[in-house]
>>> print(open('structure03.txt').read())   # compact mmCIF, N, CA and C atoms
# COMPACT_ATOMS: atom_id res chain seq x y z
N GLN A 1 -27.11 8.57 31.89
CA GLN A 1 -28.45 8.87 31.41
C GLN A 1 -28.36 9.75 30.16
N VAL A 2 -29.11 9.39 29.16
CA VAL A 2 -29.13 10.15 27.91
C VAL A 2 -30.52 10.70 27.71
N GLN A 3 -30.60 11.95 27.33
CA GLN A 3 -31.89 12.58 27.02
C GLN A 3 -31.93 12.91 25.53
N VAL A 4 -33.06 12.66 24.95
CA VAL A 4 -33.28 12.98 23.53
C VAL A 4 -34.50 13.89 23.47
N VAL A 5 -34.35 15.03 22.84
CA VAL A 5 -35.43 16.01 22.81
C VAL A 5 -35.67 16.47 21.37
N GLU A 6 -36.91 16.35 20.95
CA GLU A 6 -37.30 16.81 19.62
C GLU A 6 -37.93 18.20 19.72
N SER A 7 -37.86 18.93 18.61
CA SER A 7 -38.52 20.22 18.51
C SER A 7 -38.80 20.51 17.05
N GLY A 8 -39.59 21.55 16.82
CA GLY A 8 -39.83 21.99 15.46
C GLY A 8 -41.18 21.63 14.88
N GLY A 9 -41.96 20.86 15.60
CA GLY A 9 -43.29 20.54 15.11
C GLY A 9 -44.21 21.74 15.17
N GLY A 10 -45.39 21.57 14.60
CA GLY A 10 -46.35 22.65 14.63
C GLY A 10 -47.46 22.43 13.62
N LEU A 11 -48.23 23.47 13.44
CA LEU A 11 -49.35 23.44 12.49
C LEU A 11 -48.89 24.09 11.19
N VAL A 12 -49.10 23.41 10.10
CA VAL A 12 -48.66 23.92 8.81
C VAL A 12 -49.70 23.55 7.76
N GLN A 13 -49.82 24.37 6.75
CA GLN A 13 -50.76 24.07 5.66
C GLN A 13 -50.17 23.03 4.73
N ALA A 14 -51.02 22.32 4.08
CA ALA A 14 -50.58 21.34 3.08
C ALA A 14 -49.69 22.03 2.06
N GLY A 15 -48.63 21.35 1.70
CA GLY A 15 -47.66 21.92 0.79
C GLY A 15 -46.51 22.63 1.47
N GLY A 16 -46.66 22.87 2.75
CA GLY A 16 -45.63 23.58 3.51
C GLY A 16 -44.49 22.68 3.94
N SER A 17 -43.57 23.29 4.68
CA SER A 17 -42.37 22.58 5.13
C SER A 17 -42.11 22.86 6.59
N LEU A 18 -41.42 21.94 7.21
CA LEU A 18 -40.93 22.11 8.57
C LEU A 18 -39.56 21.47 8.66
N ARG A 19 -38.79 21.93 9.62
CA ARG A 19 -37.55 21.24 9.97
C ARG A 19 -37.66 20.79 11.42
N LEU A 20 -37.66 19.50 11.58
CA LEU A 20 -37.70 18.92 12.93
C LEU A 20 -36.26 18.73 13.40
N SER A 21 -36.04 19.07 14.65
CA SER A 21 -34.71 18.97 15.24
C SER A 21 -34.72 17.97 16.37
N CYS A 22 -33.57 17.38 16.59
CA CYS A 22 -33.43 16.41 17.68
C CYS A 22 -32.04 16.55 18.25
N ALA A 23 -31.97 16.66 19.56
CA ALA A 23 -30.70 16.79 20.22
C ALA A 23 -30.58 15.79 21.35
N ALA A 24 -29.40 15.24 21.48
CA ALA A 24 -29.11 14.32 22.58
C ALA A 24 -28.19 15.01 23.57
N SER A 25 -28.40 14.70 24.82
CA SER A 25 -27.53 15.24 25.86
C SER A 25 -27.39 14.19 26.95
N GLY A 26 -26.42 14.41 27.79
CA GLY A 26 -26.20 13.48 28.89
C GLY A 26 -24.99 12.62 28.67
N SER A 27 -25.02 11.44 29.20
CA SER A 27 -23.83 10.60 29.24
C SER A 27 -23.73 9.67 28.04
N TYR A 28 -23.62 10.25 26.85
CA TYR A 28 -23.35 9.45 25.68
C TYR A 28 -21.89 9.66 25.30
N MET A 29 -21.36 8.76 24.47
CA MET A 29 -19.95 8.83 24.08
C MET A 29 -19.84 9.61 22.78
N SER A 30 -19.37 10.84 22.87
CA SER A 30 -19.29 11.69 21.69
C SER A 30 -18.28 11.17 20.68
N THR A 31 -17.38 10.31 21.11
CA THR A 31 -16.36 9.80 20.19
C THR A 31 -16.83 8.54 19.47
N ASN A 32 -17.92 7.97 19.91
CA ASN A 32 -18.42 6.75 19.28
C ASN A 32 -19.52 7.08 18.28
N GLU A 33 -19.70 6.14 17.36
CA GLU A 33 -20.72 6.35 16.33
C GLU A 33 -22.11 6.41 16.96
N ILE A 34 -22.89 7.35 16.46
CA ILE A 34 -24.28 7.49 16.88
C ILE A 34 -25.16 7.27 15.65
N ASN A 35 -26.13 6.44 15.78
CA ASN A 35 -27.11 6.27 14.72
C ASN A 35 -28.45 6.84 15.16
N TRP A 36 -29.10 7.49 14.25
CA TRP A 36 -30.34 8.20 14.52
C TRP A 36 -31.48 7.65 13.67
N ALA A 37 -32.67 7.87 14.17
CA ALA A 37 -33.84 7.52 13.37
C ALA A 37 -34.99 8.44 13.76
N TRP A 38 -35.85 8.65 12.80
CA TRP A 38 -37.11 9.35 13.05
C TRP A 38 -38.26 8.37 12.79
N TYR A 39 -39.18 8.34 13.72
CA TYR A 39 -40.40 7.57 13.60
C TYR A 39 -41.58 8.54 13.65
N ARG A 40 -42.70 8.05 13.21
CA ARG A 40 -43.91 8.84 13.40
C ARG A 40 -45.08 7.92 13.74
N GLN A 41 -46.02 8.50 14.43
CA GLN A 41 -47.24 7.77 14.76
C GLN A 41 -48.41 8.63 14.35
N GLN A 42 -49.06 8.21 13.28
CA GLN A 42 -50.24 8.89 12.80
C GLN A 42 -51.42 8.52 13.67
N PRO A 43 -52.44 9.37 13.74
CA PRO A 43 -53.59 9.08 14.60
C PRO A 43 -54.21 7.72 14.28
N GLY A 44 -54.36 6.91 15.29
CA GLY A 44 -54.98 5.62 15.13
C GLY A 44 -54.11 4.55 14.49
N LYS A 45 -52.85 4.86 14.28
CA LYS A 45 -51.96 3.89 13.63
C LYS A 45 -50.77 3.57 14.51
N GLN A 46 -50.07 2.52 14.13
CA GLN A 46 -48.87 2.15 14.87
C GLN A 46 -47.71 3.07 14.48
N ARG A 47 -46.77 3.14 15.37
CA ARG A 47 -45.57 3.92 15.10
C ARG A 47 -44.79 3.27 13.95
N GLU A 48 -44.26 4.10 13.07
CA GLU A 48 -43.51 3.58 11.93
C GLU A 48 -42.22 4.37 11.74
N LEU A 49 -41.24 3.67 11.22
CA LEU A 49 -39.97 4.31 10.89
C LEU A 49 -40.13 5.12 9.61
N VAL A 50 -39.59 6.33 9.58
CA VAL A 50 -39.63 7.12 8.35
C VAL A 50 -38.24 7.40 7.80
N ALA A 51 -37.23 7.52 8.67
CA ALA A 51 -35.89 7.84 8.17
C ALA A 51 -34.86 7.43 9.21
N SER A 52 -33.67 7.13 8.75
CA SER A 52 -32.61 6.75 9.67
C SER A 52 -31.24 7.03 9.07
N THR A 53 -30.27 7.14 9.95
CA THR A 53 -28.89 7.21 9.51
C THR A 53 -28.28 5.84 9.73
N VAL A 54 -27.51 5.41 8.77
CA VAL A 54 -26.86 4.11 8.84
C VAL A 54 -25.41 4.32 8.46
N GLY A 55 -24.53 4.25 9.43
CA GLY A 55 -23.14 4.53 9.16
C GLY A 55 -23.00 5.94 8.61
N GLY A 56 -22.41 6.05 7.45
CA GLY A 56 -22.24 7.36 6.82
C GLY A 56 -23.37 7.74 5.90
N GLY A 57 -24.38 6.88 5.79
CA GLY A 57 -25.46 7.14 4.87
C GLY A 57 -26.78 7.38 5.57
N THR A 58 -27.82 7.52 4.76
CA THR A 58 -29.17 7.73 5.29
C THR A 58 -30.15 6.88 4.49
N GLU A 59 -31.27 6.61 5.13
CA GLU A 59 -32.34 5.87 4.47
C GLU A 59 -33.66 6.55 4.79
N VAL A 60 -34.53 6.56 3.80
CA VAL A 60 -35.86 7.13 3.95
C VAL A 60 -36.86 6.14 3.38
N VAL A 61 -37.96 5.94 4.06
CA VAL A 61 -38.93 4.97 3.57
C VAL A 61 -39.60 5.48 2.31
N ASP A 62 -40.08 4.57 1.51
CA ASP A 62 -40.62 4.92 0.19
C ASP A 62 -41.78 5.91 0.28
N SER A 63 -42.59 5.80 1.32
CA SER A 63 -43.79 6.64 1.40
C SER A 63 -43.47 8.13 1.54
N VAL A 64 -42.28 8.47 1.96
CA VAL A 64 -41.92 9.87 2.12
C VAL A 64 -40.69 10.24 1.29
N LYS A 65 -40.22 9.31 0.52
CA LYS A 65 -39.02 9.57 -0.27
C LYS A 65 -39.26 10.73 -1.23
N GLY A 66 -38.27 11.60 -1.32
CA GLY A 66 -38.40 12.79 -2.16
C GLY A 66 -38.99 13.97 -1.44
N ARG A 67 -39.58 13.74 -0.26
CA ARG A 67 -40.15 14.84 0.51
C ARG A 67 -39.46 15.02 1.86
N PHE A 68 -39.00 13.93 2.44
CA PHE A 68 -38.35 13.98 3.75
C PHE A 68 -36.86 13.71 3.58
N THR A 69 -36.07 14.43 4.35
CA THR A 69 -34.63 14.24 4.33
C THR A 69 -34.11 14.24 5.77
N ILE A 70 -33.34 13.23 6.11
CA ILE A 70 -32.70 13.19 7.42
C ILE A 70 -31.24 13.58 7.23
N TYR A 71 -30.76 14.41 8.11
CA TYR A 71 -29.34 14.76 8.02
C TYR A 71 -28.79 15.09 9.41
N ARG A 72 -27.53 14.78 9.55
CA ARG A 72 -26.85 15.05 10.82
C ARG A 72 -26.46 16.52 10.91
N GLY A 73 -26.43 17.02 12.13
CA GLY A 73 -25.97 18.36 12.35
C GLY A 73 -24.45 18.43 12.38
N ASN A 74 -23.92 19.63 12.34
CA ASN A 74 -22.48 19.80 12.45
C ASN A 74 -22.00 19.30 13.82
N ALA A 75 -22.76 19.52 14.82
CA ALA A 75 -22.47 18.95 16.13
C ALA A 75 -22.97 17.51 16.15
N LYS A 76 -22.19 16.66 16.70
CA LYS A 76 -22.48 15.24 16.61
C LYS A 76 -23.77 14.83 17.32
N ASN A 77 -24.24 15.65 18.24
CA ASN A 77 -25.41 15.28 19.02
C ASN A 77 -26.71 15.84 18.47
N TRP A 78 -26.71 16.25 17.21
CA TRP A 78 -27.91 16.77 16.58
C TRP A 78 -28.23 15.99 15.31
N VAL A 79 -29.53 15.87 15.07
CA VAL A 79 -29.99 15.35 13.80
C VAL A 79 -31.27 16.10 13.44
N PHE A 80 -31.54 16.18 12.14
CA PHE A 80 -32.69 16.94 11.67
C PHE A 80 -33.51 16.09 10.69
N LEU A 81 -34.75 16.44 10.60
CA LEU A 81 -35.61 15.85 9.59
C LEU A 81 -36.29 17.01 8.87
N GLN A 82 -35.91 17.22 7.62
CA GLN A 82 -36.55 18.23 6.79
C GLN A 82 -37.75 17.59 6.11
N VAL A 83 -38.91 18.18 6.33
CA VAL A 83 -40.14 17.61 5.77
C VAL A 83 -40.75 18.65 4.86
N ASN A 84 -40.84 18.31 3.58
CA ASN A 84 -41.34 19.23 2.56
C ASN A 84 -42.61 18.71 1.92
N ARG A 85 -43.30 19.61 1.26
CA ARG A 85 -44.53 19.27 0.53
C ARG A 85 -45.44 18.42 1.41
N LEU A 86 -45.68 18.93 2.59
CA LEU A 86 -46.45 18.16 3.57
C LEU A 86 -47.87 17.93 3.12
N LYS A 87 -48.39 16.78 3.51
CA LYS A 87 -49.75 16.37 3.18
C LYS A 87 -50.52 16.18 4.48
N PRO A 88 -51.82 16.28 4.43
CA PRO A 88 -52.60 16.03 5.66
C PRO A 88 -52.29 14.68 6.30
N GLU A 89 -51.99 13.69 5.49
CA GLU A 89 -51.69 12.37 6.05
C GLU A 89 -50.33 12.30 6.74
N ASP A 90 -49.54 13.36 6.64
CA ASP A 90 -48.29 13.43 7.40
C ASP A 90 -48.53 13.87 8.83
N THR A 91 -49.76 14.24 9.15
CA THR A 91 -50.08 14.59 10.52
C THR A 91 -49.76 13.43 11.44
N ALA A 92 -48.93 13.70 12.44
CA ALA A 92 -48.46 12.63 13.32
C ALA A 92 -47.62 13.22 14.43
N ASP A 93 -47.38 12.39 15.42
CA ASP A 93 -46.33 12.68 16.39
C ASP A 93 -45.03 12.09 15.85
N TYR A 94 -44.00 12.90 15.81
CA TYR A 94 -42.71 12.48 15.26
C TYR A 94 -41.73 12.29 16.41
N TYR A 95 -41.09 11.13 16.41
CA TYR A 95 -40.18 10.76 17.47
C TYR A 95 -38.78 10.55 16.92
N CYS A 96 -37.82 10.97 17.69
CA CYS A 96 -36.42 10.78 17.34
C CYS A 96 -35.82 9.72 18.26
N THR A 97 -34.95 8.91 17.70
CA THR A 97 -34.20 7.97 18.52
C THR A 97 -32.72 8.13 18.24
N MET A 98 -31.95 7.91 19.30
CA MET A 98 -30.52 7.88 19.20
C MET A 98 -30.07 6.49 19.65
N ARG A 99 -29.23 5.89 18.86
CA ARG A 99 -28.78 4.55 19.19
C ARG A 99 -27.27 4.53 19.30
N GLN A 100 -26.79 4.02 20.41
CA GLN A 100 -25.35 3.91 20.63
C GLN A 100 -25.08 2.78 21.59
N GLY A 101 -24.07 1.99 21.27
CA GLY A 101 -23.70 0.90 22.17
C GLY A 101 -24.81 -0.10 22.39
N GLY A 102 -25.64 -0.28 21.38
CA GLY A 102 -26.70 -1.27 21.49
C GLY A 102 -27.92 -0.81 22.26
N ILE A 103 -27.93 0.45 22.66
CA ILE A 103 -29.07 1.00 23.40
C ILE A 103 -29.73 2.08 22.56
N THR A 104 -31.05 2.06 22.54
CA THR A 104 -31.82 3.06 21.81
C THR A 104 -32.52 3.97 22.81
N TYR A 105 -32.32 5.25 22.61
CA TYR A 105 -32.95 6.25 23.47
C TYR A 105 -34.01 6.98 22.66
N TRP A 106 -35.17 7.14 23.27
CA TRP A 106 -36.30 7.78 22.60
C TRP A 106 -36.57 9.16 23.19
N GLY A 107 -36.97 10.06 22.30
CA GLY A 107 -37.52 11.31 22.75
C GLY A 107 -39.00 11.20 23.00
N ARG A 108 -39.61 12.29 23.44
CA ARG A 108 -41.03 12.28 23.75
C ARG A 108 -41.89 12.69 22.57
N GLY A 109 -41.26 13.15 21.52
CA GLY A 109 -42.00 13.44 20.31
C GLY A 109 -42.33 14.91 20.11
N THR A 110 -42.58 15.24 18.87
CA THR A 110 -43.05 16.58 18.52
C THR A 110 -44.19 16.39 17.52
N ARG A 111 -45.22 17.15 17.69
CA ARG A 111 -46.44 16.94 16.89
C ARG A 111 -46.41 17.82 15.65
N VAL A 112 -46.73 17.20 14.55
CA VAL A 112 -46.89 17.90 13.28
C VAL A 112 -48.34 17.75 12.85
N THR A 113 -48.98 18.87 12.59
CA THR A 113 -50.37 18.86 12.12
C THR A 113 -50.41 19.58 10.80
N VAL A 114 -50.91 18.91 9.79
CA VAL A 114 -50.98 19.48 8.45
C VAL A 114 -52.44 19.70 8.10
N SER A 115 -52.78 20.94 7.85
CA SER A 115 -54.17 21.27 7.50
C SER A 115 -54.33 21.28 5.98
N SER A 116 -55.52 20.91 5.56
CA SER A 116 -55.77 20.83 4.11
C SER A 116 -56.29 22.15 3.57
>>> encode(input="structure03.txt", output="structure tokens")
Amino acid sequence: QVQVVESGGGLVQAGGSLRLSCAASGSYMSTNEINWAWYRQQPGKQRELVASTVGGGTEVVDSVKGRFTIYRGNAKNWVFLQVNRLKPEDTADYYCTMRQGGITYWGRGTRVTVSS
């Protein structure tokens, strides 16, 4: 069993920054490659991918490029999403996924609310 837990969300003013954290624990293979992704679900909208790790690289969707950065932690079971210059439309529940061995594990999300 693998658990994925996000943290770091909160209420922030427009223009502010947050660092979202995600940690995996449980029976994952620390010696095998882990791929991560961050999704978000804005109010009334479908969940969408915002950033992911792919092999040794990272990808960020165009809508947040230049403001959001995904990066792995020094410990293999951590990943972060740095979100800068936040806008009210970034208000959403942010979810982390860990993928290994063809299985994707989801966290329960952390809420980011951006006030104008």
>>> atom_distance(input="structure03.txt", atom1="atom CA of A:Gly57", atom2="atom N of A:Leu81")
14.3 Å
>>> closest_residue(input="structure03.txt", among="A:Val54, A:Arg108, A:Gly10, A:Asn74", to="A:Trp36", atoms="only C-alpha atoms")
A:Val54
>>> closest_residue(input="structure03.txt", among="A:Arg85, A:Arg111, A:Arg19, A:Arg99", to="A:Gly66", atoms="only C-alpha atoms")
A:Arg85
>>> atom_distance(input="structure03.txt", atom1="atom C of A:Val61", atom2="atom C of A:Leu49")
7.3 Å
>>> closest_residue(input="structure03.txt", among="A:Val114, A:Gly26, A:Thr53, A:Tyr39", to="A:Lys87", atoms="only N, CA and C atoms")
A:Val114
>>> atom_distance(input="structure03.txt", atom1="atom CA of A:Thr104", atom2="atom N of A:Trp38")
11.3 Å
>>> closest_residue(input="structure03.txt", among="A:Ala75, A:Met29, A:Cys22, A:Ala37", to="A:Val5", atoms="all atoms listed in the file")
A:Cys22
>>> residues_around(input="structure03.txt", residues="A:Tyr94", least_positions_apart="5", cutoff="6 Å", atoms="only N, CA and C atoms", output="PyMOL selection string")
chain A and resi 39-41+109-112
>>> select_by_dssp(input="structure03.txt", residues="chain A", states="strand (DSSP E)", output="JSON, numbers by chain")
{"A": [2, 3, 4, 5, 6, 7, 10, 11, 12, 13, 18, 19, 20, 21, 22, 23, 24, 25, 26, 35, 36, 37, 38, 39, 40, 41, 48, 49, 50, 51, 52, 53, 54, 57, 58, 59, 60, 68, 69, 70, 71, 72, 78, 79, 80, 81, 82, 83, 92, 93, 94, 95, 96, 97, 98, 99, 100, 103, 104, 105, 106, 110, 111, 112, 113, 114, 115]}
>>> residues_around(input="structure03.txt", residues="A:Ala24", least_positions_apart="2", cutoff="8 Å", atoms="all atoms listed in the file", output="PyMOL selection string")
chain A and resi 2-6+21-22+26-28+76-79+98
>>> residues_around(input="structure03.txt", residues="A:Gly56", least_positions_apart="6", cutoff="10 Å", atoms="only C-alpha atoms", output="ChimeraX atom specification")
/A:33,35,72
>>> closest_residue(input="structure03.txt", among="A:Gly73, A:Gly107, A:Gly101, A:Gly15", to="A:Pro88", atoms="all atoms listed in the file")
A:Gly15
>>> closest_residue(input="structure03.txt", among="A:Ile103, A:Val50, A:Gln82, A:Ser115", to="A:Ser17", atoms="only C-alpha atoms")
A:Gln82
>>> select_by_dssp(input="structure03.txt", residues="stretch 59-115 of chain A", states="helix (DSSP H, G or I)", output="number ranges by chain")
A: 62-64, 88-90
>>> residues_near_point(input="structure03.txt", point="(-52.7, 11.6, 14.2)", cutoff="6 Å", atoms="all atoms listed in the file", output="number ranges by chain")
A: 41-44, 91-93
>>> axis_aligned_box(input="structure03.txt", around="stretch 111-114 of chain A", padding_each_side="6 Å", output="lines of an AutoDock Vina configuration file")
center_x = -48.8
center_y = 18.3
center_z = 12.9
size_x = 19.2
size_y = 14.8
size_z = 21.6
>>> residues_around(input="structure03.txt", residues="A:Phe68", least_positions_apart="4", cutoff="6 Å", atoms="all atoms listed in the file", output="PyMOL selection string")
chain A and resi 64+82-84
